[in-house]
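K.L.:
Please find run_5.cif (mmCIF, C-alpha atoms) on the next line:
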data_data
#
loop_
_atom_site.label_atom_id
_atom_site.label_comp_id
_atom_site.auth_asym_id
_atom_site.auth_seq_id
_atom_site.Cartn_x
_atom_site.Cartn_y
_atom_site.Cartn_z
CA PHE A 194 40.46 -35.77 33.56
CA SER A 195 40.30 -33.50 30.52
CA LYS A 196 40.87 -29.78 30.43
CA ASP A 197 38.61 -27.57 28.24
CA THR A 198 40.23 -24.25 27.32
CA VAL A 199 38.36 -23.70 24.07
CA VAL A 200 35.84 -20.88 24.09
CA PRO A 201 32.42 -21.56 22.56
CA ALA A 202 31.74 -20.41 19.03
CA ILE A 203 28.86 -17.92 18.74
CA GLN A 204 27.47 -15.81 15.93
CA PHE A 205 24.39 -13.92 14.78
CA VAL A 206 22.42 -15.56 11.97
CA SER A 207 19.45 -14.57 9.84
CA PRO A 208 17.04 -12.88 10.35
CA THR A 209 19.11 -10.78 12.76
CA ALA A 210 19.45 -7.25 11.37
CA THR A 211 22.87 -6.03 10.32
CA SER A 212 24.36 -3.32 12.49
CA GLY A 213 23.30 0.21 11.55
CA THR A 214 19.93 -0.84 10.14
CA THR A 215 17.07 1.67 10.29
CA GLN A 216 13.60 0.13 10.14
CA SER A 217 9.95 1.14 10.47
CA SER A 218 8.97 -2.08 12.26
CA THR A 219 8.67 -1.76 16.04
CA SER A 220 9.97 -5.31 16.54
CA ILE A 221 13.55 -6.58 16.69
CA THR A 222 14.34 -10.27 16.08
CA ILE A 223 17.70 -11.60 17.25
CA ASN A 224 18.86 -15.10 16.27
CA VAL A 225 22.07 -16.70 17.59
CA THR A 226 23.84 -20.01 17.12
CA ALA A 227 26.51 -21.30 19.52
CA SER A 228 28.54 -24.48 19.56
CA ASP A 229 30.72 -26.09 22.24
CA THR A 230 31.17 -29.62 23.55
CA ASN A 231 30.23 -28.45 27.01
CA LEU A 232 27.83 -25.60 26.14
CA ALA A 233 26.08 -24.32 29.27
CA ASN A 234 23.98 -21.39 28.08
CA VAL A 235 23.49 -18.57 25.62
CA THR A 236 22.49 -15.07 26.78
CA ILE A 237 21.07 -12.26 24.62
CA ASN A 238 21.16 -8.74 26.04
CA VAL A 239 19.33 -5.71 24.63
CA TYR A 240 20.11 -2.09 25.58
CA ASN A 241 18.44 1.27 24.93
CA SER A 242 20.09 4.36 23.45
CA SER A 243 21.70 5.17 26.81
CA ARG A 244 23.16 1.66 26.94
CA GLY A 245 20.84 0.78 29.76
CA LEU A 246 19.98 -2.92 29.87
CA ILE A 247 16.28 -3.38 29.01
CA ASN A 248 16.05 -7.12 28.30
CA THR A 249 18.00 -10.30 29.07
CA ASN A 250 17.11 -13.77 27.79
CA VAL A 251 18.98 -17.01 28.57
CA SER A 252 18.76 -20.42 26.85
CA ALA A 253 20.54 -23.70 27.49
CA THR A 254 20.26 -24.70 23.83
CA SER A 255 21.31 -23.42 20.43
CA PRO A 256 20.07 -21.96 18.15
CA PHE A 257 18.38 -19.31 20.28
CA ASN A 258 16.20 -16.48 19.01
CA ILE A 259 14.04 -13.80 20.58
CA THR A 260 11.68 -11.11 19.27
CA LEU A 261 11.05 -7.87 21.15
CA SER A 262 7.84 -6.13 20.04
CA GLY A 263 6.14 -2.78 20.63
CA LEU A 264 9.39 -0.86 20.91
CA SER A 265 9.42 2.93 20.81
CA ASP A 266 11.33 4.94 18.22
CA GLY A 267 15.03 5.12 18.99
CA ILE A 268 18.31 3.25 18.72
CA TYR A 269 18.79 -0.16 20.34
CA PHE A 270 21.99 -2.16 20.96
CA PHE A 271 22.26 -5.91 21.42
CA ASN A 272 24.85 -8.65 21.82
CA ALA A 273 25.05 -12.30 22.86
CA THR A 274 27.28 -14.41 25.07
CA ALA A 275 28.00 -18.15 25.04
CA LEU A 276 29.26 -19.86 28.20
CA ASP A 277 30.39 -23.45 28.65
CA SER A 278 30.37 -25.56 31.81
CA LEU A 279 34.01 -24.64 32.54
CA ASN A 280 33.22 -20.91 32.33
CA ASN A 281 34.91 -20.44 28.98
CA ARG A 282 33.13 -17.48 27.43
CA ASN A 283 32.75 -15.87 24.03
CA ASP A 284 30.78 -12.78 22.90
CA THR A 285 29.38 -11.54 19.63
CA GLU A 286 29.96 -8.03 18.46
CA THR A 287 27.44 -5.43 19.64
CA ARG A 288 24.99 -4.44 16.91
CA ASN A 289 22.60 -1.52 16.74
CA VAL A 290 19.21 -1.04 15.10
CA THR A 291 17.27 2.22 14.81
CA ILE A 292 13.47 2.10 14.92
CA ASP A 293 11.68 4.90 13.09
CA ALA A 294 7.95 4.27 12.65
CA ILE A 295 6.98 7.92 12.09
CA ASN A 296 6.42 9.40 8.63
CA PRO A 297 8.48 12.47 7.74
CA LEU A 298 6.74 15.85 7.84
CA ILE A 299 6.74 18.07 4.77
CA SER A 300 4.81 21.19 3.79
CA TYR A 301 5.00 24.06 1.32
CA VAL A 302 6.31 27.38 2.61
CA ALA A 303 6.82 30.80 1.02
CA PRO A 304 7.70 31.74 -1.65
CA THR A 305 5.88 28.71 -3.11
CA GLU A 306 2.82 29.97 -4.98
CA ASN A 307 -0.73 29.08 -4.00
CA ASP A 308 -2.53 26.32 -5.86
CA GLY A 309 -3.98 27.53 -9.18
CA ALA A 310 -1.63 30.51 -9.52
CA ASN A 311 -1.19 32.17 -12.93
CA PHE A 312 1.97 34.10 -13.84
CA SER A 313 3.56 35.77 -16.84
CA ARG A 314 7.03 34.30 -16.31
CA ASN A 315 9.11 31.26 -17.27
CA TYR A 316 10.06 29.70 -13.92
CA ILE A 317 8.51 27.86 -10.96
CA LEU A 318 10.07 28.22 -7.51
CA VAL A 319 9.13 25.65 -4.85
CA ASN A 320 10.18 25.78 -1.21
CA VAL A 321 9.30 23.26 1.52
CA SER A 322 9.79 22.72 5.23
CA LEU A 323 11.01 19.27 6.42
CA THR A 324 11.03 17.47 9.76
CA GLU A 325 12.85 14.12 9.76
CA THR A 326 15.69 12.72 11.87
CA ASN A 327 16.61 9.84 9.55
CA PHE A 328 16.43 11.63 6.19
CA ALA A 329 17.08 9.53 3.07
CA ASN A 330 15.97 11.52 0.01
CA ILE A 331 13.59 14.14 -1.35
CA THR A 332 12.10 14.16 -4.86
CA TYR A 333 10.78 17.22 -6.71
CA SER A 334 8.47 16.38 -9.63
CA LEU A 335 7.11 18.72 -12.32
CA TYR A 336 4.47 17.68 -14.86
CA ASN A 337 2.71 19.24 -17.81
CA ALA A 338 -0.58 17.98 -19.25
CA THR A 339 0.98 14.91 -20.88
CA ALA A 340 4.33 14.03 -19.33
CA THR A 341 6.88 14.46 -16.56
CA VAL A 342 8.86 17.61 -17.34
CA ASN A 343 11.48 17.13 -14.62
CA GLN A 344 12.10 14.89 -11.63
CA THR A 345 15.04 15.73 -9.37
CA VAL A 346 16.13 13.59 -6.42
CA TYR A 347 18.37 14.93 -3.64
CA THR A 348 20.02 12.75 -0.98
CA SER A 349 20.69 15.82 1.16
CA SER A 350 17.87 17.77 2.81
CA THR A 351 17.50 20.27 -0.04
CA THR A 352 14.38 22.34 0.61
CA THR A 353 14.10 24.42 -2.56
CA ILE A 354 14.13 24.03 -6.33
CA ASN A 355 13.77 26.50 -9.19
CA TRP A 356 12.60 25.09 -12.52
CA SER A 357 13.58 27.74 -15.08
CA SER A 358 13.37 28.38 -18.84
CA LEU A 359 9.91 26.79 -18.97
CA GLY A 360 7.49 27.22 -21.84
CA ASN A 361 3.95 28.51 -21.65
CA ALA A 362 1.75 25.74 -20.23
CA ASN A 363 -0.32 24.47 -17.33
CA TYR A 364 1.95 22.68 -14.84
CA ASN A 365 1.51 20.48 -11.74
CA TYR A 366 4.17 19.84 -9.13
CA GLU A 367 4.66 17.86 -5.92
CA VAL A 368 7.42 16.96 -3.47
CA ASN A 369 7.99 13.51 -1.93
CA ILE A 370 10.22 12.68 1.04
CA THR A 371 11.52 9.27 2.20
CA ASP A 372 13.46 8.43 5.35
CA SER A 373 16.00 5.66 5.88
CA ALA A 374 13.29 3.37 7.31
CA ASN A 375 11.34 3.84 4.04
CA ASN A 376 8.63 5.90 5.72
CA LYS A 377 7.22 8.32 3.14
CA ASN A 378 5.22 11.51 2.88
CA ALA A 379 4.29 13.97 0.14
CA THR A 380 2.92 17.44 -0.38
CA ALA A 381 -0.36 18.03 -2.16
CA LEU A 382 -0.22 18.36 -5.93
CA ARG A 383 -0.31 22.05 -6.86
CA ARG A 384 -1.20 23.68 -10.18
CA ILE A 385 0.38 26.71 -11.78
CA THR A 386 -0.01 28.35 -15.19
CA LEU A 387 2.88 30.08 -16.96
CA ASP A 388 1.84 32.34 -19.84
CA THR A 389 4.11 35.06 -21.23
CA THR A 390 2.11 35.63 -24.45
CA ASN A 391 -0.82 38.04 -24.66
CA PRO A 392 -4.15 36.62 -25.85
CA VAL A 393 -5.29 37.41 -29.40
CA VAL A 394 -8.40 39.62 -29.64
CA ASN A 395 -10.45 40.02 -32.84
CA LEU A 396 -13.19 42.66 -32.87
CA LYS A 397 -15.72 41.22 -35.32
CA ALA A 398 -18.76 43.47 -35.26
CA PRO A 399 -19.67 46.19 -35.67
CA ALA A 400 -16.86 47.01 -38.08
CA ASN A 401 -14.86 50.16 -37.50
CA GLY A 402 -16.74 53.24 -38.76
CA THR A 403 -20.13 51.54 -38.83
CA THR A 404 -23.23 53.76 -38.62
CA ILE A 405 -26.30 52.29 -36.95
CA ARG A 406 -29.83 53.73 -36.71
CA VAL A 407 -31.13 51.82 -33.70
CA ALA A 408 -30.55 52.46 -30.00
CA SER A 409 -29.39 48.90 -29.31
CA ALA A 410 -26.01 47.88 -30.72
CA SER A 411 -24.69 44.30 -30.98
CA PHE A 412 -20.99 43.68 -30.33
CA ASN A 413 -19.10 40.50 -31.19
CA ALA A 414 -15.47 39.59 -30.52
CA THR A 415 -13.41 36.39 -30.55
CA PHE A 416 -10.41 35.46 -28.43
CA SER A 417 -7.62 32.88 -28.44
CA ASP A 418 -4.69 32.03 -26.19
CA GLY A 419 -1.99 29.40 -26.27
CA VAL A 420 -2.53 28.34 -22.64
CA GLN A 421 -5.77 29.36 -20.95
CA LEU A 422 -8.40 32.09 -21.26
CA THR A 423 -9.96 33.33 -18.02
CA ASN A 424 -12.19 36.31 -18.77
CA THR A 425 -12.81 39.21 -21.13
CA THR A 426 -13.91 42.78 -20.41
CA PHE A 427 -15.86 44.89 -22.91
CA TYR A 428 -15.31 48.67 -22.79
CA LEU A 429 -17.47 51.36 -24.44
CA TRP A 430 -16.54 55.09 -24.54
CA ASN A 431 -18.26 58.14 -25.92
CA SER A 432 -16.57 60.68 -28.18
CA SER A 433 -15.20 62.53 -25.15
CA ASN A 434 -13.41 59.34 -24.01
CA ASN A 435 -15.75 58.93 -21.06
CA LEU A 436 -16.25 55.29 -20.17
CA ILE A 437 -19.97 54.53 -20.27
CA ASN A 438 -20.05 50.71 -20.14
CA THR A 439 -17.86 47.85 -18.92
CA THR A 440 -18.98 44.22 -19.02
CA THR A 441 -16.82 41.33 -17.85
CA SER A 442 -17.56 37.78 -19.04
CA SER A 443 -15.93 34.51 -18.01
CA LEU A 444 -14.01 32.45 -20.57
CA SER A 445 -12.41 29.01 -20.50
CA GLY A 446 -10.22 26.90 -22.72
CA THR A 447 -7.96 28.39 -25.37
CA SER A 448 -10.63 30.07 -27.54
CA GLY A 449 -13.89 31.89 -26.95
CA SER A 450 -16.19 34.69 -28.01
CA ILE A 451 -18.72 37.20 -26.69
CA ASN A 452 -21.96 38.58 -28.12
CA LEU A 453 -23.27 41.61 -26.28
CA SER A 454 -26.31 43.80 -26.88
CA VAL A 455 -25.80 47.28 -25.44
CA THR A 456 -28.33 50.12 -25.39
CA LEU A 457 -26.64 53.37 -26.45
CA PRO A 458 -27.75 56.21 -24.17
CA TYR A 459 -27.80 58.87 -26.88
CA THR A 460 -26.81 59.55 -30.46
CA GLY A 461 -23.19 60.21 -31.23
CA THR A 462 -19.88 58.54 -31.90
CA PHE A 463 -18.77 55.66 -29.70
CA LEU A 464 -15.52 53.72 -29.32
CA TRP A 465 -15.15 50.11 -28.12
CA ASN A 466 -12.67 47.40 -27.48
#
Would you put the structure from the file into structure tokens?
P.N.:
Amino acid sequence: FSKDTVVPAIQFVSPTATSGTTQSSTSITINVTASDTNLANVTINVYNSSRGLINTNVSATSPFNITLSGLSDGIYFFNATALDSLNNRNDTETRNVTIDAINPLISYVAPTENDGANFSRNYILVNVSLTETNFANITYSLYNATATVNQTVYTSSTTTINWSSLGNANYNYEVNITDSANNKNATALRRITLDTTNPVVNLKAPANGTTIRVASASFNATFSDGVQLTNTTFYLWNSSNNLINTTTSSLSGTSGSINLSVTLPYTGTFLWN
């Protein structure tokens, strides 16, 4: 007779995931090869996060592969055993795979400004709230009208950024988050205007010191701004500095003008701007 004291050879092969993998797929494929002159069977065992056995599969042949589908989020452990007809046994290492099929959660929180905000300052402060167990990275992106001004990536769960020393301009910003299973999410794109320079106002007509002999006076002014005009307000006072007329008009773009016809309530000297 012959004596067999050699344990079977057994190993994981592709496409078995390497240990420590985090994936968004809810399926795990395990592939094993075993070799022995007197191979009896190969067993694959799968365990949940509590190391409770949830699946056992046995085959009398090699290679042997299984696929478990529809798994819930969590960590799973698996290993395999080869046994020959003389009860010589060999085991693989135990590997683990984490399933994460849920996108991260991200949202703006204070003191992030509302969309469309307009400020006379040179910085933009953005703060977000995150919910993600398997965090990988977060990217803060700032754009002007033509290019990316700054893009900063953090591999720690950094929830705030302050872009400073910015020039006058219209800006857009957003924040993107990715987890280790490559699930992604992003905030909405928000707009903010930074403008530290006062608009230029030119009072065109009537010229200072003008005398008119009609009750209706025409007023004309032009305006310009390096970033964005929003509105203009016309003011008219009498000689006693009593305000007798205010008229607000909408503006857009970086230049504009107004032409107003105002009925003067009585004769006298009037001031306007």
K.L.:
Quick one: residues within 7 Å of range 292-309 of chain A, all atoms listed in the file, excluding same-chain residues fewer than 4 positions away - as a VMD selection string?
P.N.:
chain A and resid 215 to 219 266 to 268 318 to 325 370 372 374 376 to 380 383 to 385
K.L.:
With distances taken over all atoms listed in the file, which residue among A:Val455, A:Thr249, A:Asn466, A:Ala381 lies nearest Thr415 in chain A?
P.N.:
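Looking at the shortest contact to Thr415 in chain A, the residue is A:Asn466.
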K.L.:
So how many Å separate CA of Val251 in chain A and CA of Thr226 in chain A, to one decimal?
P.N.:
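Straight-line distance from CA of Val251 in chain A to CA of Thr226 in chain A works out to 12.8 Å.
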K.L.:
Just so the selection is clear, what residues does the PyMOL selection byres ((chain A and resi 274-279) around 6) cover here, as a ChimeraX atom specification?
P.N.:
/A:231-236,273,280-284
K.L.:
List, as number ranges by chain, every residue that the PyMOL selection byres ((chain A and resi 259) around 12) selects in the file provided.
P.N.:
A: 205, 208-209, 220-225, 235-239, 248-252, 256-258, 260-262, 271, 273
K.L.:
With distances taken over all atoms listed in the file, which residue among A:Ser450, A:Pro399, A:Thr439, A:Leu387 lies nearest Ser417 in chain A?
P.N.:
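For Ser417 in chain A, the nearest of the candidates is A:Ser450.
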K.L.:
I'd like to see the residues matched by the PyMOL selection byres ((chain A and resi 358) around 9) on this file, and ideally I'd get them as number ranges by chain.
P.N.:
A: 315-316, 356-357, 359-360
K.L.:
As a list in words, please: the residues near Asn438 in chain A (cut-off 10 Å, all atoms listed in the file, same-chain neighbours under 6 positions excluded).
P.N.:
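Counting all atoms listed in the file, the residues come to Phe427, Tyr428, Leu429, Trp430, Asn431, Val455, Thr456, Leu457 and Trp465 of chain A.
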K.L.:
Measure the distance from CA of Val394 in chain A to CA of Thr447 in chain A in Å and round it to one decimal.
P.N.:
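These atoms are spaced 12.0 Å apart.
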K.L.:
Return the single residue from A:Ser411, A:Thr440, A:Thr198, A:Thr332 that is closest to Thr230 in chain A, with distances computed using only C-alpha atoms.
P.N.:
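Residue with the minimum atom-to-atom distance to Thr230 in chain A: A:Thr198.
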K.L.:
Please indicate the distance in Å from CA of Ala310 in chain A to CA of Asn369 in chain A, rounded to one decimal place.
P.N.:
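It comes out at 21.0 Å.
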K.L.:
Measuring between all atoms listed in the file, which one of A:Tyr347, A:Ala329, A:Gln421, A:Ala202 shows the shortest distance to Asn391 in chain A?
P.N.:
A:Gln421
K.L.:
Would you list the contacts of Ala414 in chain A as a ChimeraX atom specification, taking every protein, DNA or RNA residue within 9 Å and counting all atoms listed in the file, but skipping same-chain residues closer than 4 positions in sequence?
P.N.:
/A:394-398,449-452,466
K.L.:
In terms of the shortest atom-to-atom distance over all atoms listed in the file, which of A:Val368, A:Val290, A:Ile437, A:Ile331 is closest to Thr211 in chain A?
P.N.:
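Result for the nearest residue to Thr211 in chain A: A:Val290.
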K.L.:
Do you know which residues are at most 9 Å from Arg288 in chain A counting all atoms listed in the file, after dropping those on the same chain fewer than 2 positions away, and could you put them as a list of chain:residue names?
P.N.:
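Close residues of Arg288 in chain A: A:Ala210, A:Thr211, A:Ser212, A:Gly213, A:Tyr269, A:Phe270, A:Phe271, A:Asn272, A:Thr285, A:Glu286, A:Val290.
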K.L.:
Got a sec: who's within 12 Å of Thr460 in chain A, counting all atoms listed in the file, leaving out chain neighbours fewer than 6 positions off, as a VMD selection string?
P.N.:
chain A and resid 404 to 410 431 to 432
K.L.:
Selected residues, C-alpha atoms, written as an mmCIF file, keeping the file's coordinate frame, please.
P.N.:
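This went into part24.cif:
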data_model
loop_
_atom_site.group_PDB
_atom_site.id
_atom_site.type_symbol
_atom_site.label_atom_id
_atom_site.label_comp_id
_atom_site.auth_asym_id
_atom_site.auth_seq_id
_atom_site.Cartn_x
_atom_site.Cartn_y
_atom_site.Cartn_z
ATOM 1 C CA THR A 404 -23.230 53.760 -38.620
ATOM 2 C CA ILE A 405 -26.300 52.290 -36.950
ATOM 3 C CA ARG A 406 -29.830 53.730 -36.710
ATOM 4 C CA VAL A 407 -31.130 51.820 -33.700
ATOM 5 C CA ALA A 408 -30.550 52.460 -30.000
ATOM 6 C CA SER A 409 -29.390 48.900 -29.310
ATOM 7 C CA ALA A 410 -26.010 47.880 -30.720
ATOM 8 C CA ASN A 431 -18.260 58.140 -25.920
ATOM 9 C CA SER A 432 -16.570 60.680 -28.180
#
K.L.:
Counting only C-alpha atoms, figure out which residue out of A:Ala340, A:Ile354, A:Ala253, A:Leu264 gets nearest to Asn241 in chain A.
P.N.:
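Checking each candidate against Asn241 in chain A, we get A:Leu264 as the closest.
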